[in-house]
Each structure stands twice: as C-alpha cells, then as structure tokens.
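Everything below concerns the one structure shown next.
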Amino acid sequence: MKKIISSLFILFFVGACLVSCLGDLDTMPLDNNQLVNEQVYKTKDGYTGVLAKCYASLILTGQKGGDGGDGDLEGANEGYSGYVRLLFYLQEMSTDNFLMPSSSNGLRKCLNLQWDASNASVITWTYQRLYMSIAYCNELLRECTEGKLQGRGLWDEMKDEYLDYRAEARLIRAYCYSMLCDLYGGVPYVDEHTGVKEIPVQYTRKQIFDFAESELLAIESELKAPGANEYGRVDRVADWFLLSRMYLNAESWINENRYQDAYTYAKKVITDGHYQLASDYREIFLADNNTCKEIIWPLVQDGLRAQSSAGTNFYVKAFVNGPMDELYRTGVGSRGWGNVRAKTTLVDAFDADDVVFDTDDTWGNGKKDKRAQFMTALPNQVKETWDVNLDMTSTFTCGFGYIKWRNVTKNDQLCASGDAYTSIDFPLFRMGDAYLMAAEAILRGASGGTKEEALGYVNEIRERAYMSGKYAKDGVRSDVSGKITLDELSLDFILSERQKELASELVRRTDLIRFGKFTKGNNWDWKNGARLGEDVDDKYKLFPIPESELTNNPALQQNDGYK
C-alpha cells in the first residue's frame with residue numbers, strides 16, 4: 001500500500017547519527033561523517049532509508065513518531081514544526097481562508113500580518129525545515145555516486161537504480177529551493193559540493209529560481225516515466241507540475257513573464273493522461289486517498305507507522321472539536337483540538353445554501369458545489385470569527401468549521417490504523433491545480449492556448465465539483481452543472497475558483513500575491529489586527545530571513561523593510 005513508509009524503519013536505528021550531523025541547521029550540509037557512512041551506506045536498504053528520509057522530512061517531525069521526542073529541529077516544538085503544519089500558518093492563516101487564534105510560536109503575528117525577523121518561531125522553523133530537507137538531499141547526492149557504490153561493493157546491486165535515487169533527491173531539493181524563493185526571496189545556496197566549514201553564499205531570488213529551474217530541466221528525462229515509480233515517490237509528471245507552478249509565479253517572484261512555459265508544462269501534466277481528476281472531489285482528502293489517481297505527489301502518512309501531530313493529523317484534529325464527531329464521522333473520535341475555523345471570506349466564496357451542514361446528509365450529497373464542506377450545526381455556532389464584543393476569541397463556535405479532511409475511507413469507515421492518528425496522505429501536487437494553472441496561464445497571455453480551451457479546463461473542475469455531466473452518480477445531486485460561459489471567465493474568477501478548489505492546500509498566500517491582492521485592496525478577518533482587515537506594508541509579500549540566521553551568518557542581507 002504505502003510502500004515508502006516501510007523504508008523509514010531502515011532509518012530509525014541511525015536517526016540520531018543523521019540528526020547530529022545536521023548540527024544547529026545553520027544552512028550547512030550534513031557532515032560527511034564516517035560513522036554515518038559505516039552504519040547507513042553499507043547496504044542498498046541504507047540508501048533507500050536516506051531517500052525515504054528526504055521524502056519524510058516534508059511530512060513527519062522526528063525519529064520516533066507521535067511527537068515522541070528526538071525531533072528533527074533542535075529547540076523546536078515537534079508537533080508545531082512539521083512542514084505541512086508550518087506552511088498552513090504561513091500560506092493559509094495569513095490569508096482570507098482560515099483563523100487559528102493562538103498566540104504561541106508567533107501564530108497571532110502570522111494571522112495579523114505583523115511578523116518581523118524575531119517574533120514568529122514558525123517562520124524560523126519553516127526556513128530551517130526546508131534547509132534540513134535540502135541537507136538530506138545533499139547527503140544522498142554526495143554518497144550515491146558510481147565511485148562510492150563501487151567502493152562499497154554495491155554497484156552491481158544498485159547500478160540500475162542509483163540514477164533514479166539521485167533524480168528524486170534533486171527534485172525534492174529543487175522543490176525546497178522553489179519554496180524558499182517564494183517565501184523568503186534571496187537565500188543561502190548549499191549543494192552537495194558545499195564544504196562542511198564553508199559559509200554559504202546568499203543567492204539572489206533570481207539565482208535561486210534559476211537553480212531550481214535548471215535542476216528540474218536537467219532531471220526531466222532521468223526521472224521515471226509517469227506512473228512508473230512506486231507510490232509516494234515522484235516521477236516525470238511531478239517535475240512538469242513544479243516547473244509550471246514556478247513559471248506561473250515567475251512574474252511576481254523575479255519579474256519575468258513565463259506564462260507560456262507555465263501553460264506548456266501544465267498542459268503536459270494534463271494531456272499525459274496517467275494522472276486524472278478524481279470522480280468525486282471529496283475522495284481526495286480521505287484516509288484511503290492512496291487509491292486516488294489525481295494525486296501526483298503525495299506526502300505519505302500512516303496512523304500506525306508514520307504518526308505525527310503535524311501533517312494531516314493537524315488537518316483533521318485542529319479543524320474539529322470533540323462534539324463534531326457526534327454529528328459526522330471525523331475519524332479521530334473525540335480527539336479534536338477545536339482550533340481552526342474558516343474566515344468569513346472563505347465561507348462567502350460559496351453559495352449560502354451550500355454552506356449549511358445537514359445532519360441527515362453529512363457528506364453534502366444534496367449540495368450544488370460539493371467543495372462547500374463546512375460545519376455549521378454546533379450549538380450557538382455563527383459565521384463571524386469574533387465574539388459579541390467584536391473581539392478576537394478562541395471560542396470554536398465563532399466561525400464555521402472546515403471539514404473536507406476526514407480520517408475515514410470513501411465508504412465512511414475507519415481504516416485499519418484506527419483513529420489515534422490520521423492516515424490521509426497530503427496531496428502536495430494534484431491534477432485539479434494543473435487544470436487551473438493552465439487556464440490562468442492562457443488568460444495571462446500564453447500563446448497556443450485559446451480562451452475556449454481555458455474555459456474547458458475551468459468547467460471541467462466545476463463540473464466535477466458539482467458532480468454533474470460525466471461526474472454524476474446515483475444518490476448525489478447533479479441538476480446544476482456549475483459550468484460558466486466565456487463571458488464569465490476572467491482572472492478574478494480563476495482566483496475565486498482556486499480558493500474554493502484548493503483551500504487549505506498551502507497555495508493561497510502565493511496566489512493572492514500573484515494576483516496583487518495580498519497586502520492592499522483586499523481585506524479579511526483580522527488582517528493587520530483589525531476585525532474586518534486593513535491594508536499592510538508591501539514588505540509582507542516576503543517573510544524575513546530569521547534573526548538567528550543573520551546572527552550565524554552576518555554576511556546575509558535581510559529582506560527590505562525588516563532591517
């Protein structure tokens with residue numbers, strides 16, 4: 001089933017060695033440590049385990065699982081510091097999508113867009129975790145060479161696979177650099193050739209972009225063909241998808257119009273045919289989504305063998321409270337934390353009739369748009385995220401819950417791993433996003449694509465959301481198609497559609513910046529600390545380089561506005 005999980009067990013007995021080599025994570029590469037070499041690289045399984053760690057560093061938090069200590073990031077709260085959970089705070093909570101009123105670890109600063117270089121630990125931990133993943137990839141690339149395999153007597157066993165391992169590590173590293181480019185701009189550059197004592201040089205934002213792009217172009221033919229890799233590992237389609245996402249954002253990141261390239265690679269993803277839109281949108285976010293053909297790159301999580309309070313465990317427990325399990329099967333019993341609620345702007349993106357939760361129709365089969373997955377049925381629950389005094393509140397019923405993540409199977413049953421931790425794989429890349437990227441690139445001027453083609457992509461997404469036409473099935477409402485006309489299609493419509501399709505999937509901040517609607521002229525609950533939101537300085541389009549990194553490397557230049 002989720003094969004890559006088993007490879008993590010190979011790594012547990014040497015986990016402490018690998019973590020110790022990371023030191024204080026001052027963007028330095030893993031030490032080429034002989035102890036690690038002897039323990040890890042004497043077998044093929046050792047190499048597989050390190051590759052698994054490259055993947056797992058984006059979903060898990062440490063060596064023991066279940067927040068059991070021995071976390072990857074020294075000094076960080078293990079539950080808070082998982083990559084997917086951290087990105088939620090930076091990419092979703094700072095936008096018009098979600099609210100989590102906690103003040104710990106800088107969360108309120110992220111919610112209010114009032115962070116600086118020292119007041120939000122989650123910004124620092126995101127930076128460190130991305131570099132930690134880069135360090136694991138660099139470690140594998142240093143050790144997984146023909147010469148070292150020959151010297152260790154593993155060449156005959158690995159000669160047909162080692163280039164696959166290298167290509168996958170390079171893609172993961174390129175992804176991490178693309179996210180550093182997005183979040184922080186110009187950052188230090190570290191690769192497998194960087195010396196242990198060498199102070200990394202800070203690249204410009206364009207240099208970071210160009211490096212990630214060059215890596216993705218170089219490995220395209222080296223990655224396995226679409227669908228040829230085992231589940232949980234990337235293939236050529238993931239490469240195309242990431243290139244399309246980078247090119248779509250190139251104008252806002254590096255002032256270059258690359259929409260033609262964005263369209264070209266998004267269309268390659270769509271027309272290849274191996275990955276396809278799921279027939280039911282809701283099944284993408286369930287505990288058996290490993291069977292879903294829509295997910296191009298899943299971050300694999302398992303309730304028994306890959307436990308964490310980050311990842312999708314956060315996406316279920318933080319989004320529900322205990323009483324909600326009495327209204328529908330959350331898949332976590334009464335373990336909900338009652339933290340995250342939808343902002344009014346996300347709720348208002350949908351038709352009001354679709355928002356209401358019906359206790360007799362817990363999957364929303366009677367809704368027009370099946371993406372409108374909210375909890376509105378708790379006692380005294382209101383849409384507004386403020387109390388009667390118009391103040392910020394931790395009261396969970398001030399605001400609607402968002403319930404598209406459920407730790408159950410498509411048959412509404414608990415999976416074999418139980419309800420203590422979730423088994424939902426996080427869809428880091430999926431086909432629905434590729435359709436919307438292609439349509440947006442066309443509207444932004446990509447040649448070769450027509451507005452009619454863009455309309456077709458958008459209507460395919462909407463027809464699936466409304467489960468009409470070819471997506472209709474017995475027992476589910478399908479009388480409203482959801483299709484729009486050519487006159488209704490615009491960039492603003494696509495931005496709204498991306499919010500409905502991709503809410504909580506860690507792209508909203510990036511989208512709003514690309515559309516020029518993040519810092520000014522578009523407000524939402526608690527932006528700049530105001531109940532109805534206020535404009536903020538444009539410096540917030542980038543996060544600051546963490547203060548600890550500036551201390552460790554005085555040559556680093558801080559982003560404008562944070563000095």
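Just so we're on the same page: first chain in the structure tokens is A, next is B, and so on; residues restart at 1 for each chain, and ligands are numbered from 1 in the order they show up.
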**OP:** Write down as a ChimeraX atom specification the residues belonging to stretch 85-233 of chain A that are assigned alpha helix (DSSP H) by DSSP computed on the backbone.
**Re:** /A:85-87,107-112,121-143,146-151,155-158,162-184,205-219
Subject >> Selection: 9 Å around A:Glu453, only C-alpha atoms, excl. self and same-chain fewer than 4 positions, as a VMD selection string >> reply: chain A and resid 439 442 449 457 to 458
Subject >> Distance of atom CA of A:Glu215 from atom CA of A:Gly62, expressed in Å to one decimal place >> reply: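 Atom-to-atom, atom CA of A:Gly62 and atom CA of A:Glu215 are spaced 27.9 Å apart.
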Subject >> Between atom CA of A:Leu512 and atom CA of A:Leu99 - distance in Å to one decimal >> reply: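 Atom-to-atom, atom CA of A:Leu99 to atom CA of A:Leu512, that is 16.7 Å.
We find atom CA of A:Cys415 and atom CA of A:Arg329 to be spaced 12.0 Å apart.
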Subject >> Residue with smallest distance to A:Leu414 - pool A:Ala56, A:Gly333, A:Asp353, A:Thr393, counting only C-alpha atoms >> reply: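 Residue with the minimum atom-to-atom distance to A:Leu414: A:Gly333.
With only C-alpha atoms as the atoms that count, the residue of A:Leu73, A:Leu140, A:Ile219, A:Cys110 with the shortest distance to A:Val237 is A:Ile219.
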Original post:
Contacts of A:Val332 at 10 Å or less, counting only C-alpha atoms, minus same-chain residues fewer than 3 places along, as a PyMOL selection string?
Top reply: chain A and resi 313+316-317+320-322+325+329+335-336+406-408+414+418-422
Original post:
A:Ala278, A:Ala441, A:Val536, A:Ile134: which is nearest A:Cys292, counting only C-alpha atoms?
Top reply: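 Closest residue, counting only C-alpha atoms: A:Ala278.
Closest approach to A:Glu74 from the set A:Trp386, A:Trp125, A:Phe543, A:Tyr41 is made by A:Trp125, with distances taken over only C-alpha atoms.
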Original post:
Which one of A:Asp280, A:Glu192, A:Glu251, A:Asp288 sits closest to A:Lys473 if you count only C-alpha atoms?
Top reply: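 With only C-alpha atoms as the atom set, the closest residue is A:Asp280.
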**OP:** Write out as a list in words each polymer residue whose atoms come within 10 Å of A:Ala454, counting only C-alpha atoms; drop sequence neighbours fewer than 2 positions from it.
**Re:**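 Everything that qualifies: Tyr435, Leu436, Met437, Ala438, Ala439, Glu440, Ala441, Ile442, Leu443, Gly449, Thr450, Lys451, Glu452, Gly456, Tyr457, Val458, Asn459, Glu460, Leu486, Leu489 and Ser490 of chain A.
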Subject >> Shell of 12 Å around A:Ile59, only C-alpha atoms, local chain residues under 2 positions omitted, as number ranges by chain >> reply: A: 5, 52-57, 61-62, 65, 72, 78-87, 129-130, 133, 232, 298-302, 306-314, 423-428
**OP:** Return the single residue from A:Thr409, A:Asn229, A:Gln558, A:Asn528 that is closest to A:Trp115, with distances computed using only C-alpha atoms.
**Re:** A:Asn528
**OP:** Within 9 Å of stretch 172-179 of chain A, counting only C-alpha atoms, which residues show up once you throw out same-chain ones fewer than 6 positions away? Write them as a list in words, please.
**Re:**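 In the requested format, the answer is Cys54, Tyr55, Leu130, Tyr131, Ser133, Ile134, Ala135, Tyr136, Cys137, Asn138, Gly185, Val187, Tyr189, Ile208, Phe209, Phe211, Ala212, Glu213, Ser214, Glu215, Leu216, Val234, Leu242 and Met246 of chain A.
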